[in-house]
$ cat entry.cif   # mmCIF, N, CA and C atoms
data_structure
loop_
_atom_site.label_atom_id
_atom_site.label_comp_id
_atom_site.auth_asym_id
_atom_site.auth_seq_id
_atom_site.Cartn_x
_atom_site.Cartn_y
_atom_site.Cartn_z
N MET A 1 0.83 -1.19 0.00
CA MET A 1 0.00 0.00 0.00
C MET A 1 0.87 1.24 0.00
N LYS A 2 0.51 2.21 -0.81
CA LYS A 2 1.25 3.48 -0.86
C LYS A 2 1.03 4.26 0.42
N SER A 3 1.99 5.11 0.75
CA SER A 3 1.81 6.02 1.88
C SER A 3 0.73 7.03 1.53
N GLN A 4 -0.12 7.31 2.49
CA GLN A 4 -1.20 8.25 2.28
C GLN A 4 -1.29 9.19 3.47
N VAL A 5 -1.89 10.35 3.26
CA VAL A 5 -2.10 11.34 4.32
C VAL A 5 -3.59 11.49 4.54
N PHE A 6 -4.01 11.34 5.80
CA PHE A 6 -5.40 11.56 6.20
C PHE A 6 -5.40 12.69 7.22
N ILE A 7 -6.07 13.78 6.89
CA ILE A 7 -6.20 14.92 7.79
C ILE A 7 -7.62 14.85 8.37
N ASN A 8 -7.72 14.80 9.69
CA ASN A 8 -9.01 14.69 10.36
C ASN A 8 -9.41 16.04 10.92
N LEU A 9 -10.60 16.52 10.56
CA LEU A 9 -11.08 17.82 11.00
C LEU A 9 -12.43 17.70 11.68
N ALA A 10 -12.57 18.36 12.82
CA ALA A 10 -13.86 18.44 13.50
C ALA A 10 -14.64 19.62 12.91
N VAL A 11 -15.89 19.35 12.51
CA VAL A 11 -16.74 20.39 11.93
C VAL A 11 -18.11 20.35 12.61
N LYS A 12 -18.77 21.48 12.63
CA LYS A 12 -20.09 21.56 13.26
C LYS A 12 -21.18 20.98 12.39
N ASP A 13 -21.09 21.15 11.08
CA ASP A 13 -22.13 20.69 10.17
C ASP A 13 -21.46 19.93 9.02
N VAL A 14 -21.51 18.61 9.10
CA VAL A 14 -20.81 17.76 8.12
C VAL A 14 -21.32 18.01 6.70
N ASN A 15 -22.62 18.11 6.52
CA ASN A 15 -23.16 18.27 5.17
C ASN A 15 -22.82 19.64 4.59
N ARG A 16 -22.85 20.68 5.41
CA ARG A 16 -22.46 22.01 4.94
C ARG A 16 -20.98 22.01 4.54
N SER A 17 -20.16 21.35 5.35
CA SER A 17 -18.73 21.26 5.05
C SER A 17 -18.49 20.41 3.81
N LEU A 18 -19.27 19.36 3.62
CA LEU A 18 -19.17 18.55 2.42
C LEU A 18 -19.36 19.41 1.17
N ALA A 19 -20.39 20.24 1.17
CA ALA A 19 -20.66 21.12 0.03
C ALA A 19 -19.51 22.10 -0.18
N PHE A 20 -18.98 22.66 0.91
CA PHE A 20 -17.86 23.61 0.83
C PHE A 20 -16.63 22.94 0.21
N TYR A 21 -16.25 21.78 0.73
CA TYR A 21 -15.06 21.10 0.23
C TYR A 21 -15.25 20.62 -1.21
N ASN A 22 -16.46 20.25 -1.57
CA ASN A 22 -16.73 19.94 -2.98
C ASN A 22 -16.43 21.15 -3.86
N GLN A 23 -16.81 22.34 -3.42
CA GLN A 23 -16.55 23.57 -4.18
C GLN A 23 -15.06 23.84 -4.33
N LEU A 24 -14.27 23.45 -3.33
CA LEU A 24 -12.82 23.65 -3.43
C LEU A 24 -12.17 22.68 -4.41
N GLY A 25 -12.88 21.62 -4.78
CA GLY A 25 -12.33 20.65 -5.72
C GLY A 25 -12.11 19.27 -5.13
N PHE A 26 -12.44 19.09 -3.85
CA PHE A 26 -12.38 17.76 -3.25
C PHE A 26 -13.56 16.94 -3.78
N THR A 27 -13.41 15.63 -3.77
CA THR A 27 -14.54 14.76 -4.08
C THR A 27 -14.79 13.84 -2.89
N ASN A 28 -16.03 13.42 -2.74
CA ASN A 28 -16.41 12.57 -1.61
C ASN A 28 -16.25 11.10 -1.97
N ASN A 29 -15.68 10.34 -1.04
CA ASN A 29 -15.62 8.89 -1.17
C ASN A 29 -16.71 8.31 -0.27
N PRO A 30 -17.83 7.90 -0.85
CA PRO A 30 -18.95 7.42 -0.03
C PRO A 30 -18.64 6.14 0.74
N THR A 31 -17.66 5.36 0.29
CA THR A 31 -17.31 4.13 0.99
C THR A 31 -16.88 4.41 2.43
N PHE A 32 -16.20 5.54 2.65
CA PHE A 32 -15.70 5.89 3.98
C PHE A 32 -16.46 7.07 4.56
N SER A 33 -17.71 7.21 4.20
CA SER A 33 -18.54 8.32 4.67
C SER A 33 -19.83 7.80 5.28
N ASP A 34 -20.34 8.54 6.26
CA ASP A 34 -21.65 8.25 6.83
C ASP A 34 -22.25 9.56 7.32
N ASP A 35 -23.23 9.51 8.19
CA ASP A 35 -23.87 10.74 8.67
C ASP A 35 -22.97 11.59 9.55
N THR A 36 -21.91 11.01 10.12
CA THR A 36 -21.03 11.73 11.03
C THR A 36 -19.68 12.07 10.43
N THR A 37 -19.35 11.46 9.29
CA THR A 37 -18.02 11.61 8.69
C THR A 37 -18.13 11.59 7.18
N LYS A 38 -17.35 12.45 6.54
CA LYS A 38 -17.24 12.43 5.08
C LYS A 38 -15.76 12.35 4.73
N CYS A 39 -15.42 11.39 3.89
CA CYS A 39 -14.05 11.25 3.41
C CYS A 39 -13.93 12.06 2.13
N MET A 40 -13.11 13.09 2.16
CA MET A 40 -12.94 13.98 1.02
C MET A 40 -11.58 13.73 0.38
N ILE A 41 -11.58 13.50 -0.91
CA ILE A 41 -10.35 13.16 -1.64
C ILE A 41 -9.80 14.42 -2.30
N TRP A 42 -8.53 14.73 -2.01
CA TRP A 42 -7.84 15.81 -2.71
C TRP A 42 -7.03 15.24 -3.86
N SER A 43 -6.32 14.15 -3.61
CA SER A 43 -5.50 13.51 -4.64
C SER A 43 -5.41 12.03 -4.31
N GLU A 44 -4.67 11.32 -5.10
CA GLU A 44 -4.53 9.87 -4.92
C GLU A 44 -4.06 9.50 -3.51
N ASN A 45 -3.30 10.39 -2.88
CA ASN A 45 -2.71 10.06 -1.58
C ASN A 45 -3.06 11.03 -0.45
N VAL A 46 -3.95 11.99 -0.71
CA VAL A 46 -4.30 12.98 0.32
C VAL A 46 -5.81 13.01 0.51
N PHE A 47 -6.23 12.79 1.76
CA PHE A 47 -7.64 12.72 2.11
C PHE A 47 -7.92 13.60 3.32
N VAL A 48 -9.10 14.19 3.36
CA VAL A 48 -9.53 14.96 4.52
C VAL A 48 -10.80 14.32 5.05
N MET A 49 -10.75 13.94 6.32
CA MET A 49 -11.91 13.35 6.98
C MET A 49 -12.58 14.46 7.78
N ILE A 50 -13.77 14.87 7.33
CA ILE A 50 -14.52 15.87 8.08
C ILE A 50 -15.53 15.13 8.95
N MET A 51 -15.48 15.42 10.26
CA MET A 51 -16.27 14.67 11.23
C MET A 51 -17.01 15.61 12.17
N THR A 52 -18.14 15.13 12.67
CA THR A 52 -18.82 15.88 13.72
C THR A 52 -17.87 15.99 14.91
N HIS A 53 -18.10 16.96 15.74
CA HIS A 53 -17.27 17.12 16.94
C HIS A 53 -17.33 15.86 17.80
N GLU A 54 -18.50 15.25 17.91
CA GLU A 54 -18.66 14.06 18.72
C GLU A 54 -17.84 12.89 18.18
N LYS A 55 -17.88 12.70 16.87
CA LYS A 55 -17.11 11.61 16.25
C LYS A 55 -15.62 11.88 16.41
N PHE A 56 -15.19 13.12 16.13
CA PHE A 56 -13.78 13.50 16.25
C PHE A 56 -13.29 13.25 17.67
N ALA A 57 -14.09 13.63 18.66
CA ALA A 57 -13.70 13.49 20.07
C ALA A 57 -13.41 12.03 20.43
N GLY A 58 -14.04 11.10 19.72
CA GLY A 58 -13.80 9.69 19.98
C GLY A 58 -12.41 9.23 19.56
N PHE A 59 -11.73 10.01 18.73
CA PHE A 59 -10.37 9.69 18.28
C PHE A 59 -9.30 10.48 19.04
N ALA A 60 -9.71 11.50 19.76
CA ALA A 60 -8.75 12.41 20.40
C ALA A 60 -8.72 12.18 21.91
N ASN A 61 -7.58 12.47 22.51
CA ASN A 61 -7.47 12.39 23.97
C ASN A 61 -7.38 13.77 24.61
N LYS A 62 -7.72 14.80 23.82
CA LYS A 62 -7.75 16.18 24.30
C LYS A 62 -9.08 16.79 23.87
N PRO A 63 -9.47 17.89 24.48
CA PRO A 63 -10.70 18.55 24.03
C PRO A 63 -10.55 19.03 22.58
N VAL A 64 -11.66 19.07 21.87
CA VAL A 64 -11.66 19.55 20.49
C VAL A 64 -11.38 21.05 20.51
N ALA A 65 -10.42 21.49 19.70
CA ALA A 65 -10.01 22.90 19.66
C ALA A 65 -11.10 23.77 19.06
N ASP A 66 -11.15 25.00 19.53
CA ASP A 66 -12.03 26.02 18.96
C ASP A 66 -11.28 26.67 17.81
N THR A 67 -11.32 26.05 16.65
CA THR A 67 -10.55 26.52 15.50
C THR A 67 -11.14 27.77 14.86
N LYS A 68 -12.32 28.16 15.29
CA LYS A 68 -12.90 29.41 14.79
C LYS A 68 -12.17 30.60 15.41
N ASN A 69 -11.65 30.42 16.63
CA ASN A 69 -11.00 31.52 17.34
C ASN A 69 -9.51 31.32 17.60
N PHE A 70 -9.02 30.08 17.43
CA PHE A 70 -7.61 29.79 17.68
C PHE A 70 -7.07 28.92 16.56
N ALA A 71 -5.85 29.22 16.12
CA ALA A 71 -5.21 28.41 15.08
C ALA A 71 -4.70 27.12 15.71
N ALA A 72 -5.07 26.00 15.15
CA ALA A 72 -4.57 24.70 15.60
C ALA A 72 -3.56 24.15 14.60
N ALA A 73 -3.74 24.50 13.34
CA ALA A 73 -2.84 24.06 12.27
C ALA A 73 -3.14 24.87 11.02
N LEU A 74 -2.20 24.88 10.11
CA LEU A 74 -2.41 25.43 8.77
C LEU A 74 -2.14 24.30 7.80
N PHE A 75 -3.03 24.12 6.85
CA PHE A 75 -2.90 23.06 5.87
C PHE A 75 -2.58 23.70 4.52
N ALA A 76 -1.59 23.17 3.83
CA ALA A 76 -1.16 23.76 2.56
C ALA A 76 -1.31 22.76 1.43
N LEU A 77 -1.90 23.22 0.34
CA LEU A 77 -2.10 22.39 -0.85
C LEU A 77 -1.46 23.09 -2.04
N SER A 78 -0.57 22.39 -2.73
CA SER A 78 0.04 22.96 -3.92
C SER A 78 -0.82 22.64 -5.14
N VAL A 79 -0.83 23.58 -6.07
CA VAL A 79 -1.56 23.41 -7.32
C VAL A 79 -0.66 23.80 -8.48
N GLU A 80 -1.14 23.54 -9.70
CA GLU A 80 -0.28 23.65 -10.88
C GLU A 80 -0.11 25.06 -11.44
N SER A 81 -0.87 26.04 -10.96
CA SER A 81 -0.73 27.39 -11.51
C SER A 81 -1.36 28.42 -10.57
N LEU A 82 -0.99 29.67 -10.80
CA LEU A 82 -1.60 30.76 -10.04
C LEU A 82 -3.09 30.88 -10.40
N ASP A 83 -3.43 30.61 -11.64
CA ASP A 83 -4.84 30.62 -12.03
C ASP A 83 -5.64 29.61 -11.21
N LYS A 84 -5.05 28.43 -10.96
CA LYS A 84 -5.73 27.40 -10.16
C LYS A 84 -5.88 27.86 -8.70
N VAL A 85 -4.85 28.53 -8.17
CA VAL A 85 -4.94 29.11 -6.82
C VAL A 85 -6.16 30.02 -6.75
N ASN A 86 -6.24 30.94 -7.70
CA ASN A 86 -7.34 31.91 -7.71
C ASN A 86 -8.69 31.23 -7.89
N GLU A 87 -8.75 30.25 -8.75
CA GLU A 87 -10.01 29.53 -8.99
C GLU A 87 -10.51 28.87 -7.71
N ILE A 88 -9.63 28.14 -7.01
CA ILE A 88 -10.02 27.43 -5.80
C ILE A 88 -10.47 28.39 -4.71
N VAL A 89 -9.68 29.41 -4.45
CA VAL A 89 -10.02 30.34 -3.37
C VAL A 89 -11.28 31.14 -3.72
N ASP A 90 -11.41 31.57 -4.96
CA ASP A 90 -12.63 32.28 -5.36
C ASP A 90 -13.87 31.41 -5.17
N LYS A 91 -13.77 30.13 -5.52
CA LYS A 91 -14.90 29.21 -5.31
C LYS A 91 -15.18 29.02 -3.83
N GLY A 92 -14.14 28.96 -3.03
CA GLY A 92 -14.31 28.81 -1.59
C GLY A 92 -15.00 30.01 -0.97
N VAL A 93 -14.63 31.20 -1.40
CA VAL A 93 -15.28 32.42 -0.91
C VAL A 93 -16.74 32.45 -1.35
N ALA A 94 -16.99 32.09 -2.61
CA ALA A 94 -18.36 32.06 -3.12
C ALA A 94 -19.22 31.03 -2.36
N ALA A 95 -18.59 29.98 -1.85
CA ALA A 95 -19.30 28.94 -1.11
C ALA A 95 -19.48 29.29 0.36
N GLY A 96 -19.04 30.48 0.78
CA GLY A 96 -19.24 30.91 2.15
C GLY A 96 -18.00 30.92 3.02
N GLY A 97 -16.86 30.52 2.47
CA GLY A 97 -15.62 30.58 3.23
C GLY A 97 -15.11 32.01 3.29
N THR A 98 -14.06 32.22 4.06
CA THR A 98 -13.47 33.55 4.16
C THR A 98 -12.00 33.48 3.77
N GLU A 99 -11.50 34.63 3.30
CA GLU A 99 -10.09 34.75 2.96
C GLU A 99 -9.45 35.59 4.07
N PRO A 100 -8.82 34.92 5.06
CA PRO A 100 -8.37 35.62 6.26
C PRO A 100 -7.17 36.54 6.09
N VAL A 101 -6.36 36.31 5.07
CA VAL A 101 -5.20 37.17 4.80
C VAL A 101 -5.15 37.46 3.31
N PRO A 102 -4.56 38.58 2.92
CA PRO A 102 -4.50 38.89 1.49
C PRO A 102 -3.48 38.01 0.75
N PHE A 103 -3.58 38.03 -0.56
CA PHE A 103 -2.65 37.34 -1.47
C PHE A 103 -1.21 37.65 -1.07
N VAL A 104 -0.35 36.62 -1.12
CA VAL A 104 1.07 36.79 -0.81
C VAL A 104 1.88 36.30 -2.01
N ASP A 105 2.86 37.11 -2.41
CA ASP A 105 3.74 36.76 -3.53
C ASP A 105 5.18 36.77 -3.03
N TYR A 106 5.79 35.59 -2.98
CA TYR A 106 7.18 35.46 -2.55
C TYR A 106 8.14 35.43 -3.75
N GLY A 107 7.65 35.72 -4.93
CA GLY A 107 8.47 35.66 -6.14
C GLY A 107 8.42 34.28 -6.77
N PHE A 108 8.91 33.27 -6.06
CA PHE A 108 8.89 31.90 -6.56
C PHE A 108 7.61 31.17 -6.15
N MET A 109 6.86 31.75 -5.18
CA MET A 109 5.64 31.12 -4.69
C MET A 109 4.58 32.19 -4.44
N GLN A 110 3.37 31.88 -4.89
CA GLN A 110 2.23 32.76 -4.63
C GLN A 110 1.20 31.93 -3.88
N LYS A 111 0.52 32.58 -2.90
CA LYS A 111 -0.48 31.83 -2.14
C LYS A 111 -1.64 32.72 -1.72
N ARG A 112 -2.77 32.07 -1.57
CA ARG A 112 -3.95 32.66 -0.98
C ARG A 112 -4.49 31.67 0.04
N ASP A 113 -5.14 32.18 1.07
CA ASP A 113 -5.70 31.33 2.10
C ASP A 113 -7.22 31.33 2.02
N ILE A 114 -7.81 30.18 2.36
CA ILE A 114 -9.25 30.07 2.47
C ILE A 114 -9.56 29.37 3.80
N GLU A 115 -10.53 29.92 4.50
CA GLU A 115 -10.92 29.38 5.79
C GLU A 115 -12.34 28.83 5.67
N ASP A 116 -12.55 27.61 6.19
CA ASP A 116 -13.88 27.02 6.14
C ASP A 116 -14.76 27.56 7.27
N PHE A 117 -15.96 27.04 7.39
CA PHE A 117 -16.93 27.55 8.37
C PHE A 117 -16.48 27.35 9.81
N ASP A 118 -15.59 26.38 10.02
CA ASP A 118 -15.12 26.06 11.37
C ASP A 118 -13.76 26.67 11.69
N GLY A 119 -13.23 27.47 10.76
CA GLY A 119 -11.97 28.15 11.00
C GLY A 119 -10.74 27.37 10.58
N HIS A 120 -10.90 26.23 9.92
CA HIS A 120 -9.75 25.49 9.41
C HIS A 120 -9.20 26.25 8.20
N THR A 121 -7.91 26.57 8.25
CA THR A 121 -7.30 27.40 7.22
C THR A 121 -6.46 26.57 6.26
N TRP A 122 -6.74 26.78 4.98
CA TRP A 122 -6.02 26.10 3.90
C TRP A 122 -5.23 27.14 3.12
N GLU A 123 -3.93 26.90 2.97
CA GLU A 123 -3.08 27.73 2.14
C GLU A 123 -3.01 27.06 0.77
N ILE A 124 -3.54 27.72 -0.23
CA ILE A 124 -3.50 27.20 -1.59
C ILE A 124 -2.38 27.94 -2.30
N PHE A 125 -1.39 27.20 -2.79
CA PHE A 125 -0.21 27.88 -3.34
C PHE A 125 0.28 27.25 -4.63
N TYR A 126 0.95 28.10 -5.40
CA TYR A 126 1.66 27.68 -6.61
C TYR A 126 3.13 28.04 -6.41
N MET A 127 4.02 27.09 -6.72
CA MET A 127 5.44 27.33 -6.57
C MET A 127 6.16 27.03 -7.88
N ASP A 128 6.99 27.98 -8.30
CA ASP A 128 7.81 27.84 -9.50
C ASP A 128 9.27 27.82 -9.03
N MET A 129 9.83 26.62 -8.92
CA MET A 129 11.19 26.49 -8.39
C MET A 129 12.24 27.11 -9.30
N SER A 130 11.92 27.34 -10.56
CA SER A 130 12.88 28.01 -11.45
C SER A 130 13.10 29.46 -11.01
N LYS A 131 12.19 29.99 -10.22
CA LYS A 131 12.30 31.36 -9.71
C LYS A 131 12.81 31.42 -8.27
N PHE A 132 13.17 30.24 -7.71
CA PHE A 132 13.68 30.21 -6.35
C PHE A 132 15.03 30.90 -6.30
N PRO A 133 15.22 31.82 -5.33
CA PRO A 133 16.48 32.56 -5.28
C PRO A 133 17.69 31.62 -5.06
N ALA A 134 18.75 31.90 -5.80
CA ALA A 134 19.98 31.12 -5.64
C ALA A 134 20.62 31.46 -4.30
N ALA A 135 21.32 30.49 -3.73
CA ALA A 135 21.99 30.72 -2.45
C ALA A 135 23.02 31.84 -2.61
N GLN A 136 23.09 32.70 -1.61
CA GLN A 136 24.03 33.83 -1.64
C GLN A 136 25.42 33.40 -1.27
#

$ encode --input "entry.cif" --output "structure tokens"
Amino acid sequence: MKSQVFINLAVKDVNRSLAFYNQLGFTNNPTFSDDTTKCMIWSENVFVMIMTHEKFAGFANKPVADTKNFAAALFALSVESLDKVNEIVDKGVAAGGTEPVPFVDYGFMQKRDIEDFDGHTWEIFYMDMSKFPAAQ
């Protein structure tokens, strides 16, 4: 079996979050989904499990973080172009998400952030390594 990444997120409304993540370009895998959890596929090896707070709490040994008011993590997804960055974030904003910080251009990398209804922040970025500064 290939190595895979599963990111588990506690959300207040699984179905609302399902619609939001679909707008960002994720697809749902119904085999690993039920009324409390939706398995969202980003790529062949990256999955996001969106779960009710109750379901999430069953996997954690700490209280569920208030990610609407406190940062618990930042998740970054690379895409193939700046146009794709803009497309994803624009769709996320149209679906009810927020853009918590303005566009950032590092020269070799451009990024925009999108925050879901529960405050989980995704950095959507494009990186062109041919523009990476040479070591001084």

$ residues_around --input "entry.cif" --residues "segment 11-26 of chain A" --least-positions-apart "3" --cutoff "5 Å" --atoms "only N, CA and C atoms" --output "list in words"
Ile41, Trp42, Met51, Thr52 and His53 of chain A

$ resolve_selection --input "entry.cif" --expression "the PyMOL selection byres ((chain A and resi 85-92) around 6)" --output "list of chain:residue names"
A:Gln23, A:Leu24, A:Ser81, A:Leu82, A:Asp83, A:Lys84, A:Val93, A:Ala94, A:Ala95, A:Gly96, A:Gly97, A:Thr98, A:Ile114, A:Ile124, A:Phe125

$ closest_residue --input "entry.cif" --among "A:Phe132, A:Phe75, A:Phe70, A:Phe103" --to "Gly119 of chain A" --atoms "only C-alpha atoms"
A:Phe70

$ resolve_selection --input "entry.cif" --expression "the PyMOL selection byres ((chain A and resi 109) around 8)" --output "MDAnalysis selection string"
chainID A and resid 104:108 110:112 125:129 131:132

$ atom_distance --input "entry.cif" --atom1 "atom CA of Asp34 of chain A" --atom2 "atom C of Asn69 of chain A"
28.2 Å

$ resolve_selection --input "entry.cif" --expression "the PyMOL selection byres ((chain A and resi 121) around 8)" --output "JSON, numbers by chain"
{"A": [67, 71, 72, 73, 74, 75, 76, 100, 113, 114, 115, 116, 118, 119, 120, 122, 123, 124]}

$ select_by_dssp --input "entry.cif" --residues "chain A" --states "strand (DSSP E or B)" --output "VMD selection string"
chain A and resid 5 to 11 27 to 29 37 to 43 46 to 52 74 to 78 98 104 to 105 109 to 115 121 to 127

$ residues_around --input "entry.cif" --residues "Val48 of chain A" --least-positions-apart "4" --cutoff "7 Å" --atoms "all atoms listed in the file" --output "PDB file with N, CA and C atoms, keeping the file's coordinate frame"
ATOM      1  N   VAL A   5      -1.890  10.350   3.260  1.00  0.00           N
ATOM      2  CA  VAL A   5      -2.100  11.340   4.320  1.00  0.00           C
ATOM      3  C   VAL A   5      -3.590  11.490   4.540  1.00  0.00           C
ATOM      4  N   PHE A   6      -4.010  11.340   5.800  1.00  0.00           N
ATOM      5  CA  PHE A   6      -5.400  11.560   6.200  1.00  0.00           C
ATOM      6  C   PHE A   6      -5.400  12.690   7.220  1.00  0.00           C
ATOM      7  N   ILE A   7      -6.070  13.780   6.890  1.00  0.00           N
ATOM      8  CA  ILE A   7      -6.200  14.920   7.790  1.00  0.00           C
ATOM      9  C   ILE A   7      -7.620  14.850   8.370  1.00  0.00           C
ATOM     10  N   ASN A   8      -7.720  14.800   9.690  1.00  0.00           N
ATOM     11  CA  ASN A   8      -9.010  14.690  10.360  1.00  0.00           C
ATOM     12  C   ASN A   8      -9.410  16.040  10.920  1.00  0.00           C
ATOM     13  N   LEU A   9     -10.600  16.520  10.560  1.00  0.00           N
ATOM     14  CA  LEU A   9     -11.080  17.820  11.000  1.00  0.00           C
ATOM     15  C   LEU A   9     -12.430  17.700  11.680  1.00  0.00           C
ATOM     16  N   LYS A  38     -17.350  12.450   6.540  1.00  0.00           N
ATOM     17  CA  LYS A  38     -17.240  12.430   5.080  1.00  0.00           C
ATOM     18  C   LYS A  38     -15.760  12.350   4.730  1.00  0.00           C
ATOM     19  N   CYS A  39     -15.420  11.390   3.890  1.00  0.00           N
ATOM     20  CA  CYS A  39     -14.050  11.250   3.410  1.00  0.00           C
ATOM     21  C   CYS A  39     -13.930  12.060   2.130  1.00  0.00           C
ATOM     22  N   MET A  40     -13.110  13.090   2.160  1.00  0.00           N
ATOM     23  CA  MET A  40     -12.940  13.980   1.020  1.00  0.00           C
ATOM     24  C   MET A  40     -11.580  13.730   0.380  1.00  0.00           C
ATOM     25  N   ILE A  41     -11.580  13.500  -0.910  1.00  0.00           N
ATOM     26  CA  ILE A  41     -10.350  13.160  -1.640  1.00  0.00           C
ATOM     27  C   ILE A  41      -9.800  14.420  -2.300  1.00  0.00           C
ATOM     28  N   TRP A  42      -8.530  14.730  -2.010  1.00  0.00           N
ATOM     29  CA  TRP A  42      -7.840  15.810  -2.710  1.00  0.00           C
ATOM     30  C   TRP A  42      -7.030  15.240  -3.860  1.00  0.00           C
TER      31      TRP A  42
END

$ atom_distance --input "entry.cif" --atom1 "atom CA of Asn28 of chain A" --atom2 "atom CA of Ala10 of chain A"
16.4 Å

$ closest_residue --input "entry.cif" --among "A:Val79, A:Pro102, A:Gln4, A:Thr31" --to "Glu44 of chain A" --atoms "all atoms listed in the file"
A:Gln4

$ decode --input "entry.cif" --residues "segment 52-63 of chain A" --atoms "N, CA and C atoms" --output "compact mmCIF listing (two decimals), in the first residue's frame"
# COMPACT_ATOMS: atom_id res chain seq x y z
N THR A 52 -18.14 15.13 12.67
CA THR A 52 -18.82 15.88 13.72
C THR A 52 -17.87 15.99 14.91
N HIS A 53 -18.10 16.96 15.74
CA HIS A 53 -17.27 17.12 16.94
C HIS A 53 -17.33 15.86 17.80
N GLU A 54 -18.50 15.25 17.91
CA GLU A 54 -18.66 14.06 18.72
C GLU A 54 -17.84 12.89 18.18
N LYS A 55 -17.88 12.70 16.87
CA LYS A 55 -17.11 11.61 16.25
C LYS A 55 -15.62 11.88 16.41
N PHE A 56 -15.19 13.12 16.13
CA PHE A 56 -13.78 13.50 16.25
C PHE A 56 -13.29 13.25 17.67
N ALA A 57 -14.09 13.63 18.66
CA ALA A 57 -13.70 13.49 20.07
C ALA A 57 -13.41 12.03 20.43
N GLY A 58 -14.04 11.10 19.72
CA GLY A 58 -13.80 9.69 19.98
C GLY A 58 -12.41 9.23 19.56
N PHE A 59 -11.73 10.01 18.73
CA PHE A 59 -10.37 9.69 18.28
C PHE A 59 -9.30 10.48 19.04
N ALA A 60 -9.71 11.50 19.76
CA ALA A 60 -8.75 12.41 20.40
C ALA A 60 -8.72 12.18 21.91
N ASN A 61 -7.58 12.47 22.51
CA ASN A 61 -7.47 12.39 23.97
C ASN A 61 -7.38 13.77 24.61
N LYS A 62 -7.72 14.80 23.82
CA LYS A 62 -7.75 16.18 24.30
C LYS A 62 -9.08 16.79 23.87
N PRO A 63 -9.47 17.89 24.48
CA PRO A 63 -10.70 18.55 24.03
C PRO A 63 -10.55 19.03 22.58
